[in-house]
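Structure first, commentary second.
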Amino acid sequence: MVTLPASLQIAVVIPCYNEGATIATVVRDFRAAIPTASIIAFDNNSTDNTAEAARSAGARVISVPLQGKGNVVRRMFADVDADVYVMVDGDATYDAQAAPLLIDRLIRHGLDMVVGSRLSEERAAYRLGHRFGNVLLTQCAASIFGKTFKDMLSGYRVFSRRYAKTFPAHSAGFEIETELAVHALSMRMPVAEIDTSYKSRPEGSVSKLNTYRDGFRIFTTIMKLFKSERPFAFFFSCSLICFALAIGLAVPVFETYLATGLVPRIPTVVLCSGLSLLGVILLTGGIVLDTVTHGRNEAKRLSYLAIPRFDADAVET
């Protein structure tokens, strides 16, 4: 039995769009799991009875007019003040009883984020296409940003105040999970991952996730974050491609010149020169942007350190 500090301010924040069939269950389950928590449902332009169902179940409801989960998360962290934030989707697929364990791990070990990694025996709960896409995108992020999570796209997470108040939240849609993970990795925050059970949606509840469309958005988000967080590596890779193309196209021209003393393919020579010049520009830009990024990360780090960590040992349990 996990006992949480009595003075710990916990906010359960629930992004929801047309979750009228499940939101009341989510609110009741988390109220039972964490009786002292404030439970807030963020209604993102639902066209069903989501807001009414959440309010009737005892949750506070905040309306977010800008469509997209990323926009909802931005409002969550901006409008809610707490020591610990429990973010969970409103589809009743995550285990509310695991929340105290996630919170305890966060505060006892001084972490900034704990991810509830999804484990499920139900095929309908976690479709094969979604599993494959999650693994592919997670491995892609790991190859760019280093050690990452097993389930980078989980919608069940616990955050510290430090994390919530320093997270920029650039993404607008479902790619926000990727940004949440990459922000922690780029800032070298202490994080953890705990396996939690995951079940299929109840009857009458429909997933808003499109495997291919949202998968492409997540992949492009990884590339954008790669460019902004690792600019030297990104632009150096692009410059290498330009140099490789230039050399590949130039070899036949040099061979012809050495054999005949003539340069018959002038357009190819011009193209090779342009590619080489572009490679130099990209490399120079990467060096400059890498310096800028270091300065920006220092400012983010100072902002992060300005927020005191919750001290579990200094309060009564």
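Residues are referred to by chain and number: the chain letter is A, B, ... according to the order shown in the structure tokens, the number counts from 1 in that chain, and ligands are numbered separately from 1 in the order shown.
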
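Taking only segment 91-161 of chain A, the residues that DSSP calls strand (DSSP E) from the backbone come to A:Met113, A:Val114, A:Val115, A:Gly116, A:Ser117, A:Arg118, A:Leu119, A:Arg157, A:Val158, A:Phe159, A:Ser160.
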
Take the selection from the previous step and output its residues with N, CA and C atoms, as an mmCIF file, in the first residue's frame.
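The resulting out_6.cif:
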data_model
loop_
_atom_site.group_PDB
_atom_site.id
_atom_site.type_symbol
_atom_site.label_atom_id
_atom_site.label_comp_id
_atom_site.auth_asym_id
_atom_site.auth_seq_id
_atom_site.Cartn_x
_atom_site.Cartn_y
_atom_site.Cartn_z
ATOM 1 N N MET A 113 9.666 13.009 -14.451
ATOM 2 C CA MET A 113 8.613 12.375 -15.222
ATOM 3 C C MET A 113 8.679 10.862 -15.041
ATOM 4 N N VAL A 114 7.512 10.264 -14.848
ATOM 5 C CA VAL A 114 7.390 8.805 -14.816
ATOM 6 C C VAL A 114 6.340 8.422 -15.845
ATOM 7 N N VAL A 115 6.713 7.537 -16.747
ATOM 8 C CA VAL A 115 5.823 7.113 -17.830
ATOM 9 C C VAL A 115 5.198 5.774 -17.464
ATOM 10 N N GLY A 116 3.884 5.681 -17.630
ATOM 11 C CA GLY A 116 3.194 4.411 -17.449
ATOM 12 C C GLY A 116 3.241 3.622 -18.743
ATOM 13 N N SER A 117 4.193 2.707 -18.834
ATOM 14 C CA SER A 117 4.355 1.903 -20.051
ATOM 15 C C SER A 117 3.207 0.907 -20.167
ATOM 16 N N ARG A 118 2.612 0.822 -21.354
ATOM 17 C CA ARG A 118 1.424 0.001 -21.555
ATOM 18 C C ARG A 118 1.751 -1.482 -21.726
ATOM 19 N N LEU A 119 1.079 -2.310 -20.913
ATOM 20 C CA LEU A 119 1.150 -3.761 -21.049
ATOM 21 C C LEU A 119 -0.270 -4.281 -21.195
ATOM 22 N N ARG A 157 1.116 9.560 -17.763
ATOM 23 C CA ARG A 157 2.387 10.076 -17.261
ATOM 24 C C ARG A 157 2.177 10.878 -15.984
ATOM 25 N N VAL A 158 3.237 10.931 -15.183
ATOM 26 C CA VAL A 158 3.241 11.758 -13.980
ATOM 27 C C VAL A 158 4.406 12.729 -14.094
ATOM 28 N N PHE A 159 4.148 14.006 -13.789
ATOM 29 C CA PHE A 159 5.161 15.054 -13.935
ATOM 30 C C PHE A 159 5.356 15.803 -12.626
ATOM 31 N N SER A 160 6.570 16.320 -12.455
ATOM 32 C CA SER A 160 6.839 17.233 -11.348
ATOM 33 C C SER A 160 6.433 18.646 -11.748
#

Selection: 7 Å around Cys16 of chain A, only C-alpha atoms, excl. self and same-chain fewer than 3 positions, as a PyMOL selection string: chain A and resi 19+41-44+89-90

Nearest residue to Ser200 of chain A out of A:Val72, A:Leu8, A:Ala92, A:Leu101, using only C-alpha atoms?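 Going through A:Val72, A:Leu8, A:Ala92, A:Leu101 one by one, the smallest distance to Ser200 of chain A is for A:Ala92.
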
Could you give me, as JSON, numbers by chain, the residues within 8 Å of segment 298-303 of chain A, counting only C-alpha atoms and dropping anything in the same chain fewer than 3 positions from it? {"A": [166, 187, 294, 295, 306, 307]}

Which residue, A:Ala6, A:Leu271, A:Thr25, A:Ile144, has the smallest gap to Pro202 of chain A when you use only C-alpha atoms?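 Going through A:Ala6, A:Leu271, A:Thr25, A:Ile144 one by one, the smallest distance to Pro202 of chain A is for A:Thr25.
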
Which of these residues is nearest to Leu102 of chain A, using only C-alpha atoms: A:Ile194, A:Val251, A:Val12, A:Ile281?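 Under the stated criterion, the closest residue is A:Ile194.
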
Would you mind writing down, as a ChimeraX atom specification, each residue of segment 86-244 of chain A that DSSP on the backbone assigns to helix (DSSP H, G or I)? /A:96-108,128-145,161-166,176-186,211-229,231-244
